[in-house]
$ cat protein27.cif   # mmCIF, C-alpha atoms (C1' of nucleotides)
data_start
loop_
_atom_site.label_atom_id
_atom_site.label_comp_id
_atom_site.auth_asym_id
_atom_site.auth_seq_id
_atom_site.Cartn_x
_atom_site.Cartn_y
_atom_site.Cartn_z
CA MET I 9 -9.17 -97.45 20.02
CA ARG I 10 -5.86 -95.74 20.00
CA LEU I 11 -3.74 -94.66 22.88
CA SER I 12 -2.64 -91.05 22.60
CA THR I 13 1.01 -90.25 22.06
CA LYS I 14 0.77 -88.53 25.42
CA ALA I 15 0.48 -91.88 27.10
CA GLN I 16 3.16 -93.47 25.03
CA TYR I 17 5.52 -90.56 25.58
CA ALA I 18 4.84 -90.49 29.28
CA VAL I 19 5.61 -94.14 29.81
CA ARG I 20 8.72 -94.00 27.68
CA ALA I 21 9.88 -90.87 29.40
CA LEU I 22 9.42 -92.36 32.83
CA VAL I 23 11.28 -95.51 31.90
CA ASP I 24 14.05 -93.27 30.65
CA LEU I 25 13.98 -91.20 33.79
CA SER I 26 14.03 -94.23 36.00
CA LEU I 27 16.87 -95.67 33.96
CA HIS I 28 19.08 -92.60 34.13
CA SER I 29 18.35 -91.18 37.50
CA GLU I 30 20.76 -92.34 40.11
CA GLY I 31 19.30 -90.49 42.98
CA ARG I 32 19.83 -87.23 41.14
CA PRO I 33 17.19 -85.32 39.25
CA VAL I 34 17.12 -85.67 35.48
CA ALA I 35 16.48 -82.67 33.26
CA LEU I 36 13.70 -82.91 30.74
CA ARG I 37 16.06 -81.68 28.09
CA GLU I 38 18.01 -84.93 28.34
CA ILE I 39 14.97 -87.12 28.25
CA ALA I 40 13.59 -85.19 25.33
CA ARG I 41 16.81 -85.66 23.43
CA ARG I 42 17.21 -89.35 24.19
CA GLU I 43 13.62 -90.23 23.55
CA ASP I 44 13.11 -87.79 20.74
CA ILE I 45 10.11 -86.08 22.24
CA PRO I 46 9.47 -82.34 21.78
CA LEU I 47 10.72 -80.65 24.91
CA ASN I 48 7.81 -78.28 25.33
CA TYR I 49 5.38 -81.09 24.95
CA LEU I 50 7.22 -83.16 27.49
CA GLU I 51 7.01 -80.30 29.92
CA GLN I 52 3.24 -80.37 29.72
CA LEU I 53 3.21 -84.05 30.39
CA PHE I 54 5.47 -83.79 33.38
CA LEU I 55 3.33 -81.05 34.76
CA ARG I 56 0.48 -83.50 34.88
CA LEU I 57 2.68 -86.25 36.19
CA LYS I 58 3.71 -83.95 38.96
CA LYS I 59 0.13 -83.11 39.81
CA GLY I 60 -0.53 -86.82 39.82
CA GLU I 61 2.32 -87.22 42.29
CA ILE I 62 4.19 -89.60 40.10
CA VAL I 63 7.20 -87.34 39.84
CA ALA I 64 8.59 -84.47 41.86
CA SER I 65 10.52 -81.52 40.56
CA VAL I 66 13.75 -79.88 41.63
CA ARG I 67 14.16 -76.38 40.36
CA GLY I 68 17.20 -74.37 39.53
CA PRO I 69 20.49 -75.38 37.97
CA GLY I 70 21.20 -79.07 38.28
CA GLY I 71 17.52 -79.59 38.82
CA GLY I 72 15.09 -81.77 36.97
CA TYR I 73 12.63 -84.44 37.87
CA VAL I 74 12.77 -87.46 40.13
CA LEU I 75 10.25 -90.18 40.75
CA ALA I 76 7.93 -89.30 43.58
CA ARG I 77 8.12 -92.86 44.93
CA GLU I 78 9.90 -96.08 44.19
CA SER I 79 9.30 -97.33 40.68
CA ALA I 80 7.82 -100.60 41.92
CA ARG I 81 4.91 -98.64 43.28
CA ILE I 82 4.21 -96.77 40.05
CA LYS I 83 1.89 -98.63 37.75
CA VAL I 84 1.63 -98.09 34.03
CA GLY I 85 -2.12 -97.71 34.36
CA GLU I 86 -1.62 -94.82 36.70
CA ILE I 87 0.74 -93.09 34.32
CA VAL I 88 -1.61 -93.47 31.41
CA ALA I 89 -4.64 -92.36 33.38
CA THR I 90 -2.77 -89.31 34.58
CA VAL I 91 -1.76 -87.94 31.22
CA GLU I 92 -4.81 -88.82 29.26
CA GLU I 93 -8.12 -88.29 30.85
CA PRO I 94 -10.20 -91.14 32.14
CA LEU I 95 -9.42 -94.51 30.71
CA ASN I 96 -12.98 -95.20 29.62
CA PRO I 97 -13.71 -96.53 26.19
CA VAL I 98 -16.92 -94.52 25.89
CA SER I 99 -17.94 -91.14 27.20
CA CYS I 100 -21.06 -92.20 29.04
CA LEU I 101 -18.86 -94.01 31.53
CA ASP I 102 -17.19 -90.81 32.55
CA GLY I 103 -19.97 -90.07 34.94
CA GLY I 104 -22.39 -87.22 34.79
CA LYS I 105 -24.49 -86.17 31.88
CA SER I 106 -24.15 -88.49 28.98
CA ALA I 107 -27.45 -89.70 27.65
CA CYS I 108 -27.73 -93.47 27.21
CA THR I 109 -31.44 -93.63 26.70
CA ARG I 110 -32.03 -96.38 24.22
CA VAL I 111 -33.02 -99.98 24.34
CA SER I 112 -29.66 -101.45 23.75
CA ARG I 113 -28.15 -99.01 26.14
CA CYS I 114 -27.56 -101.24 29.13
CA VAL I 115 -26.22 -104.23 27.32
CA THR I 116 -23.63 -102.40 25.29
CA HIS I 117 -22.94 -100.19 28.24
CA ASN I 118 -21.94 -103.24 30.22
CA VAL I 119 -19.63 -104.36 27.49
CA TRP I 120 -17.77 -101.08 27.45
CA SER I 121 -17.55 -100.80 31.18
CA GLY I 122 -16.23 -104.33 31.36
CA LEU I 123 -13.71 -103.47 28.71
CA GLY I 124 -12.57 -100.45 30.66
CA GLU I 125 -12.00 -102.58 33.71
CA ARG I 126 -9.94 -105.07 31.78
CA ILE I 127 -7.80 -102.34 30.35
CA ARG I 128 -7.21 -100.76 33.70
CA GLY I 129 -6.60 -104.12 35.31
CA PHE I 130 -3.98 -105.03 32.82
CA LEU I 131 -2.13 -101.74 32.88
CA ASP I 132 -2.22 -101.65 36.64
CA SER I 133 -0.56 -105.02 36.78
CA ILE I 134 2.65 -103.65 35.32
CA SER I 135 5.01 -101.47 37.31
CA LEU I 136 7.57 -99.00 36.13
CA ALA I 137 10.18 -101.05 37.96
CA GLU I 138 9.49 -104.05 35.79
CA LEU I 139 9.80 -102.03 32.63
CA THR I 140 12.99 -100.43 33.81
CA LEU I 141 14.51 -103.76 34.65
CA GLU I 142 13.56 -105.09 31.25
CA ALA I 143 15.04 -102.06 29.55
CA ARG I 144 18.25 -102.45 31.50
CA GLU I 145 18.54 -106.02 30.39
CA ILE I 146 17.97 -105.15 26.79
CA THR I 147 20.39 -102.26 26.61
CA GLY I 148 23.10 -104.19 28.40
CA THR I 149 24.62 -102.79 31.56
CA GLY I 150 22.23 -99.91 31.73
CA GLU I 151 24.77 -97.61 33.29
CA PHE I 152 25.41 -95.29 30.43
CA GLY I 153 25.53 -95.05 26.67
CA THR I 154 21.97 -96.04 26.06
CA GLU I 155 21.97 -93.93 22.99
CA SER I 156 22.85 -96.43 20.35
CA ASP I 157 20.16 -98.59 18.93
CA ALA I 158 21.04 -99.99 15.59
CA ASP I 159 17.42 -100.34 14.69
CA MET P 39 -8.36 -94.54 24.64
CA ARG P 40 -11.80 -94.00 23.29
CA LEU P 41 -13.85 -96.26 21.13
CA SER P 42 -15.24 -94.50 18.07
CA THR P 43 -18.96 -93.91 17.77
CA LYS P 44 -18.74 -96.15 14.73
CA ALA P 45 -18.06 -99.10 16.97
CA GLN P 46 -20.72 -98.15 19.47
CA TYR P 47 -23.28 -97.55 16.77
CA ALA P 48 -22.43 -100.79 15.03
CA VAL P 49 -22.86 -102.92 18.11
CA ARG P 50 -26.07 -101.19 19.13
CA ALA P 51 -27.44 -101.46 15.63
CA LEU P 52 -26.68 -105.14 15.45
CA VAL P 53 -28.28 -105.82 18.78
CA ASP P 54 -31.30 -103.94 17.53
CA LEU P 55 -31.30 -105.87 14.29
CA SER P 56 -30.97 -109.17 16.03
CA LEU P 57 -33.74 -108.17 18.40
CA HIS P 58 -36.21 -107.16 15.75
CA SER P 59 -35.48 -109.52 12.94
CA GLU P 60 -37.69 -112.53 13.01
CA GLY P 61 -36.29 -114.19 10.00
CA ARG P 62 -37.21 -111.19 7.92
CA PRO P 63 -34.82 -108.44 6.86
CA VAL P 64 -34.87 -105.23 8.84
CA ALA P 65 -34.62 -101.87 7.09
CA LEU P 66 -31.91 -99.51 8.21
CA ARG P 67 -34.50 -96.77 8.40
CA GLU P 68 -36.11 -98.54 11.34
CA ILE P 69 -32.87 -99.18 13.14
CA ALA P 70 -31.78 -95.60 12.59
CA ARG P 71 -35.04 -94.37 14.07
CA ARG P 72 -35.05 -96.68 17.06
CA GLU P 73 -31.41 -96.20 17.89
CA ASP P 74 -31.26 -92.57 16.88
CA ILE P 75 -28.38 -92.95 14.49
CA PRO P 76 -28.09 -90.88 11.29
CA LEU P 77 -29.35 -93.05 8.47
CA ASN P 78 -26.64 -92.19 6.00
CA TYR P 79 -24.02 -92.87 8.55
CA LEU P 80 -25.56 -96.18 9.40
CA GLU P 81 -25.53 -97.13 5.75
CA GLN P 82 -21.81 -96.64 5.66
CA LEU P 83 -21.36 -98.83 8.66
CA PHE P 84 -23.51 -101.59 7.24
CA LEU P 85 -21.58 -101.45 4.03
CA ARG P 86 -18.53 -102.42 6.00
CA LEU P 87 -20.40 -104.96 8.05
CA LYS P 88 -21.52 -106.54 4.83
CA LYS P 89 -18.00 -106.67 3.48
CA GLY P 90 -17.01 -108.23 6.76
CA GLU P 91 -19.68 -110.85 6.22
CA ILE P 92 -21.41 -110.05 9.43
CA VAL P 93 -24.66 -109.08 7.72
CA ALA P 94 -26.23 -109.78 4.37
CA SER P 95 -28.51 -107.49 2.43
CA VAL P 96 -31.83 -107.93 0.70
CA ARG P 97 -32.58 -105.27 -1.87
CA GLY P 98 -35.84 -103.86 -3.05
CA PRO P 99 -39.04 -103.05 -1.21
CA GLY P 100 -39.43 -105.06 1.93
CA GLY P 101 -35.70 -105.54 1.93
CA GLY P 102 -33.16 -104.71 4.56
CA TYR P 103 -30.42 -106.49 6.39
CA VAL P 104 -30.16 -109.85 8.10
CA LEU P 105 -27.35 -111.38 10.09
CA ALA P 106 -25.02 -113.34 7.89
CA ARG P 107 -24.82 -116.11 10.47
CA GLU P 108 -26.31 -116.99 13.79
CA SER P 109 -25.75 -114.35 16.43
CA ALA P 110 -23.94 -116.76 18.69
CA ARG P 111 -21.16 -116.89 16.15
CA ILE P 112 -20.79 -113.15 15.86
CA LYS P 113 -18.40 -111.71 18.40
CA VAL P 114 -18.34 -108.13 19.55
CA GLY P 115 -14.64 -107.96 18.82
CA GLU P 116 -15.28 -108.83 15.23
CA ILE P 117 -17.89 -106.11 14.88
CA VAL P 118 -15.65 -103.49 16.35
CA ALA P 119 -12.64 -104.54 14.31
CA THR P 120 -14.74 -104.43 11.17
CA VAL P 121 -16.00 -100.90 11.49
CA GLU P 122 -12.96 -99.30 12.96
CA GLU P 123 -9.62 -100.25 11.62
CA PRO P 124 -7.22 -102.40 13.54
CA LEU P 125 -7.78 -102.71 17.22
CA ASN P 126 -4.24 -101.78 18.18
CA PRO P 127 -3.58 -99.27 20.89
CA VAL P 128 -0.54 -97.86 19.09
CA SER P 129 0.27 -97.43 15.44
CA CYS P 130 3.57 -99.28 15.43
CA LEU P 131 1.65 -102.48 16.01
CA ASP P 132 -0.20 -102.09 12.75
CA GLY P 133 2.69 -103.63 10.94
CA GLY P 134 4.85 -102.01 8.34
CA LYS P 135 6.66 -98.75 8.60
CA SER P 136 6.36 -97.26 12.00
CA ALA P 137 9.67 -96.36 13.55
CA CYS P 138 10.22 -97.60 17.11
CA THR P 139 13.90 -96.89 17.31
CA ARG P 140 14.60 -95.86 20.86
CA VAL P 141 15.89 -97.48 23.97
CA SER P 142 12.64 -97.95 25.73
CA ARG P 143 11.05 -99.11 22.53
CA CYS P 144 10.82 -102.81 23.21
CA VAL P 145 9.60 -102.64 26.75
CA THR P 146 6.76 -100.26 26.13
CA HIS P 147 6.06 -101.97 22.86
CA ASN P 148 5.42 -105.17 24.74
CA VAL P 149 3.04 -103.41 27.06
CA TRP P 150 0.93 -102.09 24.22
CA SER P 151 0.88 -105.30 22.30
CA GLY P 152 -0.16 -107.14 25.44
CA LEU P 153 -2.87 -104.60 25.97
CA GLY P 154 -4.15 -105.08 22.45
CA GLU P 155 -4.38 -108.78 23.01
CA ARG P 156 -6.35 -108.32 26.19
CA ILE P 157 -8.76 -106.00 24.49
CA ARG P 158 -9.33 -108.33 21.59
CA GLY P 159 -9.58 -111.31 23.89
CA PHE P 160 -12.24 -109.68 25.97
CA LEU P 161 -14.34 -108.41 23.11
CA ASP P 162 -14.07 -111.72 21.34
CA SER P 163 -15.44 -113.47 24.38
CA ILE P 164 -18.82 -111.79 24.00
CA SER P 165 -21.27 -112.81 21.34
CA LEU P 166 -24.09 -110.87 19.81
CA ALA P 167 -26.42 -113.60 21.00
CA GLU P 168 -25.56 -112.92 24.61
CA LEU P 169 -26.18 -109.22 24.22
CA THR P 170 -29.45 -109.83 22.47
CA LEU P 171 -30.61 -112.15 25.19
CA GLU P 172 -29.69 -109.63 27.81
CA ALA P 173 -31.50 -106.89 25.95
CA ARG P 174 -34.59 -109.06 25.65
CA GLU P 175 -34.59 -109.65 29.38
CA ILE P 176 -34.24 -106.00 30.15
CA THR P 177 -36.93 -104.76 27.82
CA GLY P 178 -39.37 -107.39 28.93
CA THR P 179 -40.90 -109.73 26.38
CA GLY P 180 -38.72 -108.49 23.58
CA GLU P 181 -41.41 -109.10 21.00
CA PHE P 182 -42.40 -105.57 20.24
CA GLY P 183 -42.71 -102.12 21.71
CA THR P 184 -39.11 -101.70 22.59
CA GLU P 185 -39.50 -98.04 22.01
CA SER P 186 -40.29 -96.80 25.46
CA ASP P 187 -37.53 -96.17 27.86
CA ALA P 188 -38.48 -93.86 30.65
CA ASP P 189 -34.98 -92.57 30.87
"C1'" DT G 225 23.05 -59.22 43.04
"C1'" DT G 226 23.13 -60.78 38.79
"C1'" DA G 227 23.03 -64.26 35.29
"C1'" DA G 228 22.06 -68.81 34.07
"C1'" DT G 229 19.46 -72.82 34.68
"C1'" DA G 230 15.30 -75.20 34.80
"C1'" DG G 231 10.68 -75.76 35.94
"C1'" DT G 232 5.63 -73.45 35.40
"C1'" DT G 233 1.82 -72.00 32.92
"C1'" DG G 234 -1.50 -70.87 29.51
"C1'" DA G 235 -2.62 -69.50 25.02
"C1'" DC G 236 -2.32 -70.46 20.35
"C1'" DG G 237 -2.04 -72.79 15.61
"C1'" DT G 238 -2.28 -76.57 12.72
"C1'" DA G 239 -3.31 -81.00 11.00
"C1'" DA G 240 -5.44 -85.20 10.96
"C1'" DA G 241 -9.09 -88.14 12.33
"C1'" DT G 242 -13.90 -88.57 13.25
"C1'" DA G 243 -18.62 -87.68 12.57
"C1'" DG G 244 -22.04 -86.54 9.78
"C1'" DT G 245 -24.31 -84.85 5.00
"C1'" DA G 246 -25.61 -84.96 0.36
"C1'" DG G 247 -26.97 -86.92 -3.53
"C1'" DG G 248 -27.12 -89.82 -7.14
"C1'" DG G 249 -27.21 -94.77 -8.62
"C1'" DT G 250 -29.07 -99.68 -8.77
"C1'" DA G 251 -31.85 -103.76 -7.84
"C1'" DT G 252 -36.44 -105.51 -6.66
"C1'" DG G 253 -41.30 -106.17 -5.90
"C1'" DC G 254 -45.88 -104.64 -6.50
"C1'" DG T 60 -42.88 -97.98 -13.90
"C1'" DC T 61 -42.87 -96.30 -9.49
"C1'" DA T 62 -41.76 -96.73 -4.73
"C1'" DT T 63 -38.69 -98.88 -1.59
"C1'" DA T 64 -34.45 -99.77 0.22
"C1'" DC T 65 -29.74 -100.92 -0.44
"C1'" DC T 66 -25.22 -99.10 -2.77
"C1'" DC T 67 -21.54 -95.95 -3.25
"C1'" DT T 68 -18.73 -91.77 -3.44
"C1'" DA T 69 -17.55 -87.35 -2.38
"C1'" DC T 70 -17.73 -83.63 0.46
"C1'" DT T 71 -18.04 -80.79 4.80
"C1'" DA T 72 -17.77 -79.79 9.43
"C1'" DT T 73 -16.25 -80.53 13.90
"C1'" DT T 74 -13.43 -82.15 17.27
"C1'" DT T 75 -9.32 -83.68 19.20
"C1'" DA T 76 -4.48 -84.43 19.26
"C1'" DC T 77 -0.21 -82.68 18.66
"C1'" DG T 78 3.00 -79.46 18.93
"C1'" DT T 79 4.78 -74.39 19.44
"C1'" DC T 80 5.49 -70.02 21.61
"C1'" DA T 81 6.23 -66.83 24.93
"C1'" DA T 82 6.41 -65.07 29.25
"C1'" DC T 83 7.05 -66.14 34.24
"C1'" DT T 84 8.97 -67.89 38.68
"C1'" DA T 85 12.20 -70.23 41.65
"C1'" DT T 86 16.85 -71.60 42.61
"C1'" DT T 87 21.74 -71.71 42.53
"C1'" DA T 88 26.43 -70.24 41.72
"C1'" DA T 89 29.66 -66.74 40.46
#

$ encode --input "protein27.cif" --output "structure tokens"
Amino acid sequence: MRLSTKAQYAVRALVDLSLHSEGRPVALREIARREDIPLNYLEQLFLRLKKGEIVASVRGPGGGYVLARESARIKVGEIVATVEEPLNPVSCLDGGKSACTRVSRCVTHNVWSGLGERIRGFLDSISLAELTLEAREITGTGEFGTESDAD
Amino acid sequence: MRLSTKAQYAVRALVDLSLHSEGRPVALREIARREDIPLNYLEQLFLRLKKGEIVASVRGPGGGYVLARESARIKVGEIVATVEEPLNPVSCLDGGKSACTRVSRCVTHNVWSGLGERIRGFLDSISLAELTLEAREITGTGEFGTESDAD
DNA sequence: TTAATAGTTGACGTAAATAGTAGGGTATGC
DNA sequence: GCATACCCTACTATTTACGTCAACTATTAA
């Protein structure tokens, strides 16, 4: 029942982006450095985030990524669902083929589908804006110099 | 964000056990056949379930497993936590070493720990007794002949 | 118009976790 | 004393996650 690092990276990266973008695009290189995430890996994630219309890209020198809409309208659940495929605890909820042909099928099935809904419900109740605000409070002014973190 | 088959198997197997045990122990061989779970694999799971004091074993011919307590006092969350290690969405919640040394650490950290609590809370709200009852309703009388399931 | 920046894309390799197998051992009841 | 069924460990195979590489395209500024 683990979340992939994809999801963790994506959320962290977007908080970082939201924290450091002041209207201007932020280069992945910076985010990768600050958050200590492999650049190439981050690129893959942002590709998906772009497809999911959570971020938009600006190419060329001085380019980078910006949020595709205001952070209050971006939910954590959406981010997670975008980078790691469907947020279902078991495969037979994905729709389509999966068997489920035994006695105890329905009852356990219901448990898992209920669980999936709870998970989604919770993650969708938190917006990127809230996280960003929290982060700003923690790191102080939040303008610059977010590097230090004396563990 | 997938549940392991271990967890799915374990819950199904226990529903099956609870459904077919009438005071008497149920052999894993039967459960494995009915639920279509590899016997050897099931043995491993029940070893853990025994350690977790969810089931008790009866050795020798005519032996098998019985629930260690009434099914109403066995929660799904407990079953899942027993067969797959800690129910935390991210490793840094497991306690101990894991880093977490960046800016956005705390904020995302809180999200994941909150998520873990929701998951546990939900799964702990469901008892094996409820599932068994449901299963009995679905399959009809629930006495015997639970085999058929016209897909 | 050329060079530098930065995003775009897909293929690839590795490592760790998960799922499943194998096989021998041990207690019990007939 | 044999068959049954739990007990336990070690091993293998498969899948998935994680990360790397390399080549490409678009944009901007000199």

$ closest_residue --input "protein27.cif" --among "I:Glu51, I:Glu61, I:Gly68, I:Thr13" --to "G:DA228" --atoms "only C-alpha atoms (C1' of nucleotides)"
I:Gly68

$ closest_atom_pairs --input "protein27.cif" --of "chain G" --to "chain P" --cutoff "10 Å" --atoms "only C-alpha atoms (C1' of nucleotides)" --output "CSV"
residue,atom,partner,partner_atom,distance
G:DT242,C1',P:Ser42,CA,7.8
G:DA243,C1',P:Thr43,CA,8.1
G:DG244,C1',P:Tyr79,CA,6.7
G:DT245,C1',P:Asn78,CA,7.8
G:DA246,C1',P:Asn78,CA,9.2
G:DT250,C1',P:Arg97,CA,9.5
G:DA251,C1',P:Arg97,CA,6.2
G:DT252,C1',P:Gly98,CA,4.0
G:DG253,C1',P:Pro99,CA,6.1
G:DC254,C1',P:Pro99,CA,8.8

$ resolve_selection --input "protein27.cif" --expression "the PyMOL selection byres ((chain T) within 9 of (chain P))" --output "list in words"
DA62, DT63, DA64, DC65, DC66 and DC67 of chain T

$ closest_residue --input "protein27.cif" --among "P:Ile92, P:Ala167, P:Val145, P:Ala119" --to "chain I" --atoms "all atoms listed in the file"
P:Val145

$ resolve_selection --input "protein27.cif" --expression "the PyMOL selection byres ((chain I and resi 126) around 12)" --output "list in words"
Gly85, Leu95, Asn96, Pro97, Val119, Trp120, Ser121, Gly122, Leu123, Gly124, Glu125, Ile127, Arg128, Gly129, Phe130, Leu131, Asp132 and Ser133 of chain I; Gly152, Leu153, Gly154, Glu155, Arg156, Ile157, Arg158, Gly159, Phe160 and Leu161 of chain P

$ residues_around --input "protein27.cif" --residues "I:Val88" --least-positions-apart "5" --cutoff "8 Å" --atoms "only C-alpha atoms (C1' of nucleotides)" --output "list in words"
Ala15, Gln16, Ala18, Val19 and Leu95 of chain I

$ write_last_selection --input "protein27.cif" --atoms "C-alpha atoms" --output "PDB file, in the frame of the given file"
ATOM      1  CA  ALA I  15       0.480 -91.880  27.100  1.00  0.00           C
ATOM      2  CA  GLN I  16       3.160 -93.470  25.030  1.00  0.00           C
ATOM      3  CA  ALA I  18       4.840 -90.490  29.280  1.00  0.00           C
ATOM      4  CA  VAL I  19       5.610 -94.140  29.810  1.00  0.00           C
ATOM      5  CA  LEU I  95      -9.420 -94.510  30.710  1.00  0.00           C
TER       6      LEU I  95
END

$ resolve_selection --input "protein27.cif" --expression "the PyMOL selection byres ((chain G and resi 227) around 10)" --output "list in words"
DT225, DT226, DA228 and DT229 of chain G; DA88 and DA89 of chain T

$ residues_around --input "protein27.cif" --residues "I:Ile134" --least-positions-apart "5" --cutoff "9 Å" --atoms "only C-alpha atoms (C1' of nucleotides)" --output "VMD selection string"
(chain I and resid 80 82 to 85 139) or (chain P and resid 149)

$ atom_distance --input "protein27.cif" --atom1 "atom CA of I:Leu11" --atom2 "atom CA of P:Val128"
5.9 Å

$ atom_distance --input "protein27.cif" --atom1 "atom CA of I:His117" --atom2 "atom CA of I:Cys100"
8.2 Å

$ atom_distance --input "protein27.cif" --atom1 "atom CA of P:Glu116" --atom2 "atom CA of P:Gly90"
8.7 Å

$ closest_residue --input "protein27.cif" --among "P:Arg111, P:Arg50, P:Arg62, P:Arg174" --to "chain I" --atoms "only C-alpha atoms"
P:Arg50

$ build_atoms --input "protein27.cif" --residues "stretch 119-140 of chain I" --atoms "N, CA and C atoms" --output "CSV table (one decimal), in the coordinates of the input"
chain,number,residue,atom,x,y,z
I,119,VAL,N,-20.8,-103.9,28.2
I,119,VAL,CA,-19.6,-104.4,27.5
I,119,VAL,C,-18.5,-103.4,27.6
I,120,TRP,N,-18.8,-102.1,27.4
I,120,TRP,CA,-17.8,-101.1,27.4
I,120,TRP,C,-17.2,-100.9,28.8
I,121,SER,N,-18.1,-101.0,29.8
I,121,SER,CA,-17.6,-100.8,31.2
I,121,SER,C,-16.7,-102.0,31.6
I,122,GLY,N,-17.1,-103.2,31.1
I,122,GLY,CA,-16.2,-104.3,31.4
I,122,GLY,C,-14.9,-104.2,30.7
I,123,LEU,N,-15.0,-103.7,29.5
I,123,LEU,CA,-13.7,-103.5,28.7
I,123,LEU,C,-12.8,-102.5,29.4
I,124,GLY,N,-13.4,-101.4,29.9
I,124,GLY,CA,-12.6,-100.4,30.7
I,124,GLY,C,-11.9,-101.1,31.9
I,125,GLU,N,-12.6,-101.9,32.5
I,125,GLU,CA,-12.0,-102.6,33.7
I,125,GLU,C,-10.8,-103.5,33.3
I,126,ARG,N,-11.0,-104.2,32.2
I,126,ARG,CA,-9.9,-105.1,31.8
I,126,ARG,C,-8.7,-104.3,31.5
I,127,ILE,N,-8.9,-103.2,30.7
I,127,ILE,CA,-7.8,-102.3,30.4
I,127,ILE,C,-7.1,-101.8,31.6
I,128,ARG,N,-7.8,-101.3,32.5
I,128,ARG,CA,-7.2,-100.8,33.7
I,128,ARG,C,-6.5,-101.9,34.5
I,129,GLY,N,-7.2,-103.0,34.6
I,129,GLY,CA,-6.6,-104.1,35.3
I,129,GLY,C,-5.3,-104.5,34.7
I,130,PHE,N,-5.2,-104.6,33.4
I,130,PHE,CA,-4.0,-105.0,32.8
I,130,PHE,C,-2.9,-104.0,33.0
I,131,LEU,N,-3.2,-102.8,32.8
I,131,LEU,CA,-2.1,-101.7,32.9
I,131,LEU,C,-1.7,-101.5,34.3
I,132,ASP,N,-2.6,-101.8,35.2
I,132,ASP,CA,-2.2,-101.6,36.6
I,132,ASP,C,-1.4,-102.8,37.2
I,133,SER,N,-1.3,-103.8,36.3
I,133,SER,CA,-0.6,-105.0,36.8
I,133,SER,C,0.9,-104.9,36.4
I,134,ILE,N,1.3,-103.8,35.7
I,134,ILE,CA,2.6,-103.6,35.3
I,134,ILE,C,3.2,-102.4,36.0
I,135,SER,N,4.4,-102.6,36.6
I,135,SER,CA,5.0,-101.5,37.3
I,135,SER,C,6.2,-100.9,36.5
I,136,LEU,N,6.5,-99.7,36.8
I,136,LEU,CA,7.6,-99.0,36.1
I,136,LEU,C,8.9,-99.7,36.4
I,137,ALA,N,9.0,-100.3,37.6
I,137,ALA,CA,10.2,-101.0,38.0
I,137,ALA,C,10.4,-102.2,37.0
I,138,GLU,N,9.3,-102.9,36.7
I,138,GLU,CA,9.5,-104.0,35.8
I,138,GLU,C,10.0,-103.6,34.4
I,139,LEU,N,9.4,-102.5,33.9
I,139,LEU,CA,9.8,-102.0,32.6
I,139,LEU,C,11.3,-101.6,32.6
I,140,THR,N,11.6,-100.9,33.7
I,140,THR,CA,13.0,-100.4,33.8
I,140,THR,C,14.0,-101.6,33.8
